[in-house]
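Reproduced below: work-v8.csv, with CSV, C-alpha atoms (C1' of nucleotides).
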```
chain,number,residue,atom,x,y,z
B,1,MET,CA,54.1,0.6,-48.9
B,2,THR,CA,51.2,-1.3,-47.6
B,3,ARG,CA,50.2,-4.4,-49.4
B,4,TRP,CA,46.4,-4.1,-49.5
B,5,LEU,CA,44.1,-7.0,-49.8
B,6,ASP,CA,43.0,-8.0,-53.3
B,7,ASP,CA,39.3,-8.4,-54.1
B,8,ASP,CA,39.2,-12.1,-53.2
B,9,GLU,CA,40.9,-11.5,-49.9
B,10,GLN,CA,38.7,-8.5,-49.1
B,11,ARG,CA,35.5,-10.5,-49.7
B,12,ALA,CA,36.8,-13.4,-47.7
B,13,TRP,CA,37.8,-11.0,-44.9
B,14,LEU,CA,34.4,-9.3,-44.8
B,15,ARG,CA,32.7,-12.6,-44.4
B,16,LEU,CA,35.1,-13.8,-41.7
B,17,ALA,CA,34.5,-10.6,-39.8
B,18,GLY,CA,30.8,-11.3,-40.2
B,19,VAL,CA,31.2,-14.7,-38.6
B,20,MET,CA,33.0,-13.2,-35.6
B,21,LEU,CA,30.5,-10.4,-35.3
B,22,LYS,CA,27.4,-12.6,-35.6
B,23,LEU,CA,28.3,-16.2,-34.5
B,24,SER,CA,29.4,-15.4,-31.0
B,25,PRO,CA,26.3,-13.4,-30.1
B,26,ALA,CA,24.1,-16.1,-31.7
B,27,LEU,CA,25.7,-18.8,-29.5
B,28,ASP,CA,25.6,-16.6,-26.4
B,29,SER,CA,22.0,-15.8,-26.9
B,30,GLN,CA,20.8,-19.4,-27.2
B,31,LEU,CA,22.8,-20.5,-24.1
B,32,GLN,CA,21.9,-17.4,-22.2
B,33,ARG,CA,18.2,-17.8,-22.9
B,34,ASP,CA,18.1,-21.6,-22.1
B,35,HIS,CA,20.6,-22.0,-19.3
B,36,ASP,CA,21.9,-18.6,-18.2
B,37,LEU,CA,25.3,-19.4,-19.6
B,38,THR,CA,27.8,-17.6,-21.8
B,39,HIS,CA,29.4,-19.5,-24.7
B,40,PHE,CA,32.7,-19.1,-22.8
B,41,ASP,CA,31.2,-20.4,-19.6
B,42,TYR,CA,30.1,-23.4,-21.5
B,43,LEU,CA,33.5,-23.9,-23.0
B,44,CYS,CA,35.0,-23.9,-19.5
B,45,LEU,CA,32.6,-26.5,-18.2
B,46,ALA,CA,33.1,-28.6,-21.4
B,47,MET,CA,36.9,-28.5,-21.2
B,48,LEU,CA,36.8,-29.5,-17.5
B,49,SER,CA,34.5,-32.4,-18.2
B,50,GLU,CA,36.9,-33.9,-20.6
B,51,SER,CA,39.9,-33.8,-18.3
B,52,ASP,CA,41.2,-36.3,-15.8
B,53,ASP,CA,39.3,-35.9,-12.5
B,54,ARG,CA,37.4,-33.2,-14.2
B,55,THR,CA,40.0,-30.9,-13.0
B,56,LEU,CA,42.6,-28.5,-14.5
B,57,ALA,CA,45.0,-25.9,-13.4
B,58,MET,CA,43.9,-22.3,-14.2
B,59,SER,CA,46.7,-21.9,-16.7
B,60,ASP,CA,45.8,-25.2,-18.5
B,61,LEU,CA,42.1,-24.3,-18.7
B,62,ALA,CA,43.0,-20.8,-19.9
B,63,ALA,CA,45.1,-22.3,-22.7
B,64,ARG,CA,42.4,-24.8,-23.8
B,65,THR,CA,39.7,-22.1,-23.9
B,66,ASN,CA,42.0,-19.5,-25.6
B,67,ALA,CA,41.4,-17.0,-22.8
B,68,SER,CA,43.6,-14.7,-20.7
B,69,LEU,CA,44.1,-15.8,-17.1
B,70,SER,CA,42.4,-12.7,-16.0
B,71,ARG,CA,39.3,-13.4,-18.0
B,72,LEU,CA,39.2,-16.9,-16.8
B,73,SER,CA,39.7,-16.0,-13.2
B,74,HIS,CA,36.6,-13.7,-13.2
B,75,VAL,CA,34.5,-16.4,-14.9
B,76,VAL,CA,35.6,-19.1,-12.6
B,77,SER,CA,34.7,-16.9,-9.7
B,78,LYS,CA,31.2,-16.6,-11.2
B,79,LEU,CA,30.8,-20.3,-11.8
B,80,GLU,CA,32.1,-21.0,-8.3
B,81,ARG,CA,29.5,-18.7,-6.8
B,82,ARG,CA,27.0,-20.7,-8.8
B,83,GLY,CA,28.3,-24.0,-7.4
B,84,CYS,CA,29.4,-25.4,-10.8
B,85,VAL,CA,33.1,-25.4,-10.1
B,86,HIS,CA,35.4,-25.3,-7.1
B,87,ARG,CA,39.0,-24.1,-6.6
B,88,THR,CA,41.6,-26.0,-4.7
B,89,PRO,CA,45.3,-25.2,-4.1
B,90,SER,CA,47.5,-27.6,-6.0
B,91,PRO,CA,49.5,-30.1,-3.9
B,92,ARG,CA,52.3,-30.0,-6.4
B,93,SER,CA,53.0,-26.3,-6.4
B,94,ARG,CA,51.8,-23.6,-4.2
B,95,ARG,CA,51.2,-21.1,-7.0
B,96,VAL,CA,48.8,-23.1,-9.1
B,97,THR,CA,45.2,-23.4,-8.3
B,98,LEU,CA,43.1,-26.3,-9.5
B,99,VAL,CA,39.6,-25.9,-10.8
B,100,GLY,CA,37.3,-28.9,-10.6
B,101,LEU,CA,33.9,-29.5,-12.0
B,102,THR,CA,31.2,-30.2,-9.4
B,103,ASP,CA,28.3,-32.5,-9.8
B,104,GLU,CA,26.1,-29.5,-10.1
B,105,GLY,CA,28.4,-28.2,-12.9
B,106,TRP,CA,28.3,-31.6,-14.6
B,107,ARG,CA,24.5,-31.6,-14.5
B,108,LEU,CA,24.3,-28.1,-16.0
B,109,LEU,CA,26.7,-29.1,-18.8
B,110,VAL,CA,24.7,-32.2,-19.5
B,111,ALA,CA,21.5,-30.2,-19.6
B,112,ALA,CA,22.9,-27.5,-21.9
B,113,ALA,CA,24.9,-29.7,-24.3
B,114,PRO,CA,22.1,-30.9,-26.6
B,115,GLY,CA,20.7,-27.5,-27.3
B,116,HIS,CA,24.1,-26.0,-27.8
B,117,VAL,CA,25.3,-28.7,-30.2
B,118,GLU,CA,22.1,-28.4,-32.1
B,119,THR,CA,22.7,-24.7,-32.5
B,120,VAL,CA,26.3,-25.2,-33.7
B,121,ARG,CA,25.2,-27.9,-36.1
B,122,SER,CA,22.4,-25.8,-37.6
B,123,LEU,CA,24.4,-22.5,-37.8
B,124,VAL,CA,27.7,-23.9,-38.9
B,125,PHE,CA,27.8,-27.5,-40.2
B,126,GLU,CA,24.4,-28.0,-41.8
B,127,GLY,CA,24.9,-27.9,-45.5
B,128,LEU,CA,28.7,-28.2,-45.4
B,129,THR,CA,30.5,-31.0,-47.4
B,130,ARG,CA,33.2,-33.1,-45.8
B,131,GLU,CA,35.7,-31.1,-47.9
B,132,ASP,CA,34.3,-27.8,-46.5
B,133,VAL,CA,34.7,-29.1,-42.9
B,134,ALA,CA,38.3,-30.1,-43.7
B,135,ALA,CA,39.0,-26.7,-45.2
B,136,LEU,CA,37.4,-25.0,-42.2
B,137,GLU,CA,39.6,-26.9,-39.9
B,138,ARG,CA,42.7,-26.2,-41.9
B,139,VAL,CA,42.2,-22.5,-42.4
B,140,ALA,CA,40.9,-21.9,-38.8
B,141,GLY,CA,43.9,-23.8,-37.5
B,142,HIS,CA,46.2,-21.8,-39.6
B,143,ILE,CA,44.8,-18.5,-38.2
B,144,VAL,CA,45.0,-19.6,-34.6
B,145,ASP,CA,48.6,-20.8,-35.1
B,146,ARG,CA,49.6,-17.5,-36.7
B,147,ILE,CA,48.1,-15.6,-33.8
B,148,GLU,CA,49.9,-17.8,-31.3
B,149,GLU,CA,53.2,-17.2,-33.1
B,150,SER,CA,52.8,-13.5,-33.3
B,151,ARG,CA,52.0,-13.4,-29.6
B,152,LEU,CA,55.3,-15.2,-28.9
B,153,ARG,CA,57.1,-12.9,-31.3
B,154,THR,CA,56.0,-9.7,-29.5
B,155,THR,CA,56.0,-10.9,-25.8
B,156,GLY,CA,59.2,-13.0,-26.1
B,157,ARG,CA,61.7,-10.4,-27.1
B,158,ASP,CA,61.1,-6.6,-27.5
B,159,SER,CA,64.6,-5.4,-28.0
B,160,LEU,CA,65.5,-7.4,-31.2
B,161,SER,CA,64.6,-6.5,-34.7
B,162,GLY,CA,65.5,-2.8,-34.2
E,1,MET,CA,18.2,-37.8,-29.8
E,2,THR,CA,20.9,-35.2,-30.3
E,3,ARG,CA,23.1,-35.6,-33.3
E,4,TRP,CA,26.5,-34.9,-31.9
E,5,LEU,CA,29.4,-33.7,-33.9
E,6,ASP,CA,31.7,-36.3,-35.3
E,7,ASP,CA,35.5,-36.1,-34.8
E,8,ASP,CA,36.2,-34.0,-37.9
E,9,GLU,CA,33.4,-31.6,-37.0
E,10,GLN,CA,34.5,-31.4,-33.5
E,11,ARG,CA,38.1,-30.5,-34.4
E,12,ALA,CA,36.9,-28.0,-37.0
E,13,TRP,CA,34.6,-26.4,-34.4
E,14,LEU,CA,37.3,-26.2,-31.7
E,15,ARG,CA,39.5,-24.3,-34.2
E,16,LEU,CA,36.7,-22.0,-35.3
E,17,ALA,CA,35.9,-21.2,-31.7
E,18,GLY,CA,39.6,-20.5,-31.3
E,19,VAL,CA,39.5,-18.0,-34.1
E,20,MET,CA,36.5,-16.2,-32.6
E,21,LEU,CA,38.2,-16.1,-29.2
E,22,LYS,CA,41.6,-15.0,-30.3
E,23,LEU,CA,41.3,-13.0,-33.5
E,24,SER,CA,38.9,-10.3,-32.3
E,25,PRO,CA,41.0,-9.5,-29.3
E,26,ALA,CA,44.2,-9.5,-31.5
E,27,LEU,CA,42.7,-7.0,-33.9
E,28,ASP,CA,41.2,-4.9,-31.1
E,29,SER,CA,44.5,-4.8,-29.3
E,30,GLN,CA,46.5,-3.6,-32.3
E,31,LEU,CA,44.0,-0.9,-33.2
E,32,GLN,CA,43.6,0.1,-29.5
E,33,ARG,CA,47.3,0.4,-28.9
E,34,ASP,CA,48.0,2.4,-32.1
E,35,HIS,CA,44.9,4.5,-32.6
E,36,ASP,CA,42.6,4.1,-29.6
E,37,LEU,CA,40.0,2.3,-31.8
E,38,THR,CA,38.0,-0.9,-31.5
E,39,HIS,CA,37.9,-3.2,-34.5
E,40,PHE,CA,34.2,-2.4,-34.6
E,41,ASP,CA,34.9,1.3,-34.5
E,42,TYR,CA,37.2,0.8,-37.5
E,43,LEU,CA,34.6,-1.1,-39.4
E,44,CYS,CA,32.1,1.7,-39.0
E,45,LEU,CA,34.6,4.3,-40.3
E,46,ALA,CA,35.6,2.0,-43.2
E,47,MET,CA,32.0,1.3,-44.2
E,48,LEU,CA,31.1,5.0,-44.1
E,49,SER,CA,34.2,5.8,-46.2
E,50,GLU,CA,33.1,3.6,-49.0
E,51,SER,CA,29.6,5.0,-49.2
E,52,ASP,CA,28.1,7.8,-51.3
E,53,ASP,CA,28.8,11.1,-49.6
E,54,ARG,CA,30.5,9.0,-46.9
E,55,THR,CA,27.1,8.9,-45.3
E,56,LEU,CA,24.7,6.1,-44.3
E,57,ALA,CA,21.5,5.6,-42.4
E,58,MET,CA,22.0,4.0,-39.0
E,59,SER,CA,20.1,0.9,-40.1
E,60,ASP,CA,22.2,0.5,-43.3
E,61,LEU,CA,25.4,1.0,-41.3
E,62,ALA,CA,24.2,-1.6,-38.8
E,63,ALA,CA,23.5,-4.1,-41.5
E,64,ARG,CA,26.9,-3.6,-43.2
E,65,THR,CA,28.7,-4.0,-39.9
E,66,ASN,CA,26.6,-6.9,-38.7
E,67,ALA,CA,25.7,-5.0,-35.5
E,68,SER,CA,22.5,-4.4,-33.6
E,69,LEU,CA,21.1,-0.9,-33.8
E,70,SER,CA,21.7,-0.5,-30.1
E,71,ARG,CA,25.3,-1.3,-30.3
E,72,LEU,CA,25.8,0.9,-33.2
E,73,SER,CA,24.0,3.8,-31.5
E,74,HIS,CA,26.4,3.7,-28.6
E,75,VAL,CA,29.4,3.5,-30.8
E,76,VAL,CA,28.3,6.3,-33.1
E,77,SER,CA,27.8,8.5,-30.0
E,78,LYS,CA,31.3,7.8,-28.9
E,79,LEU,CA,32.7,8.5,-32.4
E,80,GLU,CA,30.6,11.6,-32.5
E,81,ARG,CA,32.0,12.9,-29.2
E,82,ARG,CA,35.4,12.3,-30.7
E,83,GLY,CA,34.6,14.3,-33.8
E,84,CYS,CA,34.9,11.5,-36.3
E,85,VAL,CA,31.3,11.3,-37.3
E,86,HIS,CA,28.2,13.4,-37.2
E,87,ARG,CA,24.5,12.7,-37.1
E,88,THR,CA,21.9,14.4,-39.3
E,89,PRO,CA,18.2,13.8,-39.5
E,90,SER,CA,17.3,12.5,-42.9
E,91,PRO,CA,15.4,14.8,-45.2
E,92,ARG,CA,13.6,11.8,-46.7
E,93,SER,CA,12.0,10.4,-43.6
E,94,ARG,CA,11.8,11.8,-40.1
E,95,ARG,CA,12.6,8.6,-38.4
E,96,VAL,CA,15.9,7.8,-40.0
E,97,THR,CA,19.1,9.5,-38.9
E,98,LEU,CA,22.1,9.8,-41.2
E,99,VAL,CA,25.7,9.2,-40.1
E,100,GLY,CA,28.4,11.0,-42.0
E,101,LEU,CA,32.2,10.6,-41.8
E,102,THR,CA,33.9,13.9,-40.9
E,103,ASP,CA,37.3,15.0,-42.2
E,104,GLU,CA,38.7,14.2,-38.9
E,105,GLY,CA,37.2,10.7,-39.1
E,106,TRP,CA,38.6,10.3,-42.6
E,107,ARG,CA,42.1,11.3,-41.4
E,108,LEU,CA,41.9,8.8,-38.5
E,109,LEU,CA,40.8,6.0,-40.9
E,110,VAL,CA,43.6,6.8,-43.3
E,111,ALA,CA,46.1,6.8,-40.5
E,112,ALA,CA,44.8,3.5,-39.0
E,113,ALA,CA,44.3,1.5,-42.3
E,114,PRO,CA,47.8,0.5,-43.1
E,115,GLY,CA,48.6,-1.0,-39.7
E,116,HIS,CA,45.3,-2.7,-39.5
E,117,VAL,CA,45.5,-4.3,-43.0
E,118,GLU,CA,49.0,-5.4,-42.2
E,119,THR,CA,47.8,-7.1,-39.1
E,120,VAL,CA,44.9,-8.8,-41.0
E,121,ARG,CA,47.3,-10.0,-43.7
E,122,SER,CA,49.8,-11.3,-41.2
E,123,LEU,CA,47.3,-13.1,-39.0
E,124,VAL,CA,44.9,-14.4,-41.6
E,125,PHE,CA,46.1,-14.4,-45.2
E,126,GLU,CA,49.9,-14.9,-45.0
E,127,GLY,CA,50.5,-18.5,-46.0
E,128,LEU,CA,47.0,-19.2,-47.4
E,129,THR,CA,46.7,-20.5,-51.0
E,130,ARG,CA,44.2,-19.0,-53.4
E,131,GLU,CA,42.0,-22.1,-52.8
E,132,ASP,CA,42.2,-21.6,-49.1
E,133,VAL,CA,41.0,-18.0,-49.5
E,134,ALA,CA,38.1,-19.2,-51.8
E,135,ALA,CA,37.2,-21.9,-49.2
E,136,LEU,CA,37.3,-19.3,-46.4
E,137,GLU,CA,35.0,-17.0,-48.3
E,138,ARG,CA,32.6,-19.9,-49.2
E,139,VAL,CA,32.4,-21.4,-45.7
E,140,ALA,CA,32.3,-18.1,-43.8
E,141,GLY,CA,29.6,-16.8,-46.2
E,142,HIS,CA,27.6,-20.0,-45.6
E,143,ILE,CA,27.7,-19.5,-41.8
E,144,VAL,CA,26.7,-15.9,-42.0
E,145,ASP,CA,23.8,-16.8,-44.3
E,146,ARG,CA,22.6,-19.5,-41.9
E,147,ILE,CA,22.7,-17.1,-39.0
E,148,GLU,CA,20.7,-14.6,-41.0
E,149,GLU,CA,18.1,-17.1,-42.0
E,150,SER,CA,17.7,-18.4,-38.5
E,151,ARG,CA,17.2,-14.9,-37.2
E,152,LEU,CA,14.4,-14.4,-39.7
E,153,ARG,CA,12.9,-17.7,-38.8
E,154,THR,CA,12.7,-16.9,-35.1
E,155,THR,CA,11.8,-13.2,-35.2
E,156,GLY,CA,9.5,-13.4,-38.2
E,157,ARG,CA,6.9,-15.6,-36.8
E,158,ASP,CA,6.5,-16.9,-33.3
E,159,SER,CA,3.0,-18.3,-33.4
E,160,LEU,CA,3.4,-20.7,-36.3
E,161,SER,CA,5.0,-24.1,-36.1
E,162,GLY,CA,3.3,-25.1,-32.9
F,1,DA,C1',72.2,-18.3,1.0
F,2,DC,C1',70.5,-14.6,-1.7
F,3,DC,C1',68.3,-11.8,-5.0
F,4,DA,C1',66.2,-10.6,-9.5
F,5,DG,C1',63.1,-12.0,-12.4
F,6,DA,C1',59.6,-14.9,-14.1
F,7,DC,C1',55.4,-17.4,-13.2
F,8,DA,C1',50.5,-18.3,-11.6
F,9,DC,C1',47.1,-16.1,-10.3
F,10,DT,C1',43.6,-12.2,-8.4
F,11,DT,C1',41.5,-7.9,-8.1
F,12,DG,C1',39.2,-3.3,-9.2
F,13,DA,C1',38.5,0.1,-12.5
F,14,DT,C1',37.1,1.0,-17.1
F,15,DC,C1',35.1,0.2,-21.2
F,16,DC,C1',32.1,-2.4,-24.4
F,17,DT,C1',27.9,-5.1,-25.3
F,18,DT,C1',23.5,-6.5,-24.5
F,19,DC,C1',18.9,-6.2,-22.9
F,20,DA,C1',14.6,-4.1,-22.0
F,21,DA,C1',12.1,-0.2,-22.2
F,22,DC,C1',11.0,3.7,-24.4
F,23,DC,C1',9.9,7.6,-28.0
F,24,DG,C1',8.4,9.5,-32.2
F,25,DT,C1',7.4,8.2,-37.1
F,26,DT,C1',5.2,5.8,-40.7
F,27,DG,C1',2.4,2.5,-43.4
F,28,DG,C1',-1.7,-0.2,-43.7
F,29,DC,C1',-6.4,-1.1,-42.9
F,30,DG,C1',-11.1,-0.7,-41.6
L,1,DC,C1',-9.9,9.9,-41.0
L,2,DG,C1',-8.3,7.3,-37.0
L,3,DC,C1',-6.1,3.6,-35.1
L,4,DC,C1',-2.4,0.2,-34.4
L,5,DA,C1',1.4,-2.5,-35.5
L,6,DA,C1',5.8,-2.2,-37.2
L,7,DC,C1',9.9,0.6,-38.0
L,8,DG,C1',14.1,3.4,-36.8
L,9,DG,C1',16.5,4.9,-33.3
L,10,DT,C1',18.0,6.2,-28.4
L,11,DT,C1',18.8,5.4,-23.5
L,12,DG,C1',20.2,3.4,-18.8
L,13,DA,C1',21.2,-0.3,-16.3
L,14,DA,C1',23.3,-4.8,-15.9
L,15,DG,C1',26.7,-8.0,-17.1
L,16,DG,C1',31.0,-9.3,-19.7
L,17,DA,C1',36.0,-8.3,-21.2
L,18,DT,C1',40.3,-5.9,-20.8
L,19,DC,C1',43.9,-3.6,-18.7
L,20,DA,C1',47.1,-2.4,-15.1
L,21,DA,C1',48.6,-3.3,-10.9
L,22,DG,C1',49.2,-6.2,-7.1
L,23,DT,C1',50.3,-10.7,-4.2
L,24,DG,C1',52.7,-14.7,-3.4
L,25,DT,C1',55.6,-18.5,-5.2
L,26,DC,C1',59.3,-20.6,-7.6
L,27,DT,C1',63.8,-20.6,-10.3
L,28,DG,C1',68.4,-19.6,-11.9
L,29,DG,C1',72.4,-17.4,-11.3
L,30,DT,C1',76.1,-15.9,-8.3
```
Representation of the structure as structure tokens:
Amino acid sequence: MTRWLDDDEQRAWLRLAGVMLKLSPALDSQLQRDHDLTHFDYLCLAMLSESDDRTLAMSDLAARTNASLSRLSHVVSKLERRGCVHRTPSPRSRRVTLVGLTDEGWRLLVAAAPGHVETVRSLVFEGLTREDVAALERVAGHIVDRIEESRLRTTGRDSLSG
Amino acid sequence: MTRWLDDDEQRAWLRLAGVMLKLSPALDSQLQRDHDLTHFDYLCLAMLSESDDRTLAMSDLAARTNASLSRLSHVVSKLERRGCVHRTPSPRSRRVTLVGLTDEGWRLLVAAAPGHVETVRSLVFEGLTREDVAALERVAGHIVDRIEESRLRTTGRDSLSG
DNA sequence: ACCAGACACTTGATCCTTCAACCGTTGGCG
DNA sequence: CGCCAACGGTTGAAGGATCAAGTGTCTGGT
């Protein structure tokens, strides 16, 4: 019935699980210690900083940070209390709310970026060849795409395939 | 000052972050829905099932699941309440506690394994070449190793390097 | 014009994870 | 022997993520 993983796949899977289990905490821990930020907080600020007017709709920001709207909403509330971000109702449509990076948020991002990038470099990229980096991009992209597809497959239609 | 990421690295990093952000929840969600298990719960049961006597010391299990002792302790308590696992003081040393998989835990694992493996296969391995799998193992292993090293570097000695 | 359903979000409860503090045990050293 | 630092593990509180349910808005069909 079940097609189990062969030895190569099993080893690769164990390692990938290791990355998920260890890398997130490692990034969180550095950012938390140095700037009282989660890695996800940082990602939100970073994505906003790269957008026109440093502003995005909640949905767009959620898509770019790979997060659920619910998760994002909680985090934006937190960042808003901290003065890093502000919500505005969109003039285009009354159901979208725009999130904008404040000067305070920009300053925090600028302060946090070097340490974070240094951590990423030293934990991930240091010692990788250009081919490794290319392979990483390819495989990681493949996985993200497959997850995206499967989400569409299960939320899109439920009644087919029976 | 800071050595920023070049374009290739940045794209690869964005994708890897995407994997961490999306894959864990995807695995959790399937296991949660079908068997009321976290991916981490599952990993604990799986690691125990592959050990002699289906038993490990807390520290060993923590190492194999890439978890902190604290996290593991909470989870083992939960699995214990559920009857999947039991704690025993070790006869060898009074400070280690042994965790053993119960028959109930074994049954749960056997029931959950096919669906979980199917999910992993379809989200990760389907469509990857053998070279991709090898690259994944190599790169992921590299990252885990670097994190391990850096942990030793910062917890081992604090007073040196000044 | 109307209504059903989808969309864009928000909220509160619940659960999971982390953090700091703690306890008893053990190994090493004077 | 007696001390102390490190080890192995547990706990409770605090913060983060998820889930289910809710609000208000927009759209498409009739």
Identify, on the basis of all atoms listed in the file, every residue whose closest approach to stretch 127-135 of chain B does not exceed 12 Å; exclude the query and any residue fewer than 2 positions from it along the same chain; express the result as a PyMOL selection string.
(chain B and resi 121-125+137-142) or (chain E and resi 5-16+128-129+131-143+145-146)
Taking all atoms listed in the file into account, which residues of chain B are within 9 Å of chain L, as a PyMOL selection string?
chain B and resi 70-71+93-95
Between atom CA of B:Asp103 and atom CA of B:Glu80 lies a distance of 12.2 Å
Per residue of chain B within 10 Å of chain F, which atom pair is closest and at what distance in Å (one decimal), using all atoms listed in the file, listed by chain and increasing number, as CSV?
```
residue,atom,partner,partner_atom,distance
B:Pro25,CA,F:DT18,C1',9.3
B:Ser29,CA,F:DT18,C1',9.7
B:Ala57,CA,F:DA8,C1',9.6
B:Met58,CA,F:DC9,C1',8.0
B:Ser59,CA,F:DA8,C1',7.3
B:Leu69,CA,F:DC9,C1',7.4
B:Ser70,CA,F:DT10,C1',7.7
B:Ser73,CA,F:DT10,C1',7.3
B:His74,CA,F:DT10,C1',8.6
B:Ser93,CA,F:DA8,C1',9.9
B:Arg94,CA,F:DA8,C1',9.2
B:Arg95,CA,F:DA8,C1',5.4
B:Val96,CA,F:DA8,C1',5.7
B:Thr97,CA,F:DC9,C1',7.8
```
Hey, can you spit out that residue selection with C-alpha atoms as an mmCIF file, in the frame of the given file?
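This went into selection36.cif:
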```
data_model
loop_
_atom_site.group_PDB
_atom_site.id
_atom_site.type_symbol
_atom_site.label_atom_id
_atom_site.label_comp_id
_atom_site.auth_asym_id
_atom_site.auth_seq_id
_atom_site.Cartn_x
_atom_site.Cartn_y
_atom_site.Cartn_z
ATOM 1 C CA PRO B 25 26.300 -13.400 -30.100
ATOM 2 C CA SER B 29 22.000 -15.800 -26.900
ATOM 3 C CA ALA B 57 45.000 -25.900 -13.400
ATOM 4 C CA MET B 58 43.900 -22.300 -14.200
ATOM 5 C CA SER B 59 46.700 -21.900 -16.700
ATOM 6 C CA LEU B 69 44.100 -15.800 -17.100
ATOM 7 C CA SER B 70 42.400 -12.700 -16.000
ATOM 8 C CA SER B 73 39.700 -16.000 -13.200
ATOM 9 C CA HIS B 74 36.600 -13.700 -13.200
ATOM 10 C CA SER B 93 53.000 -26.300 -6.400
ATOM 11 C CA ARG B 94 51.800 -23.600 -4.200
ATOM 12 C CA ARG B 95 51.200 -21.100 -7.000
ATOM 13 C CA VAL B 96 48.800 -23.100 -9.100
ATOM 14 C CA THR B 97 45.200 -23.400 -8.300
#
```
Skipping near chain neighbours, those fewer than 5 positions away, what residues fall within 12 Å of E:Val76 using all atoms listed in the file, listed as a count of residues only?
31
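For the choices E:Asp28, E:Asp34, E:Glu148, E:Asp60, the atom-to-atom distance to E:Pro114 is smallest for E:Asp34 when using only C-alpha atoms.
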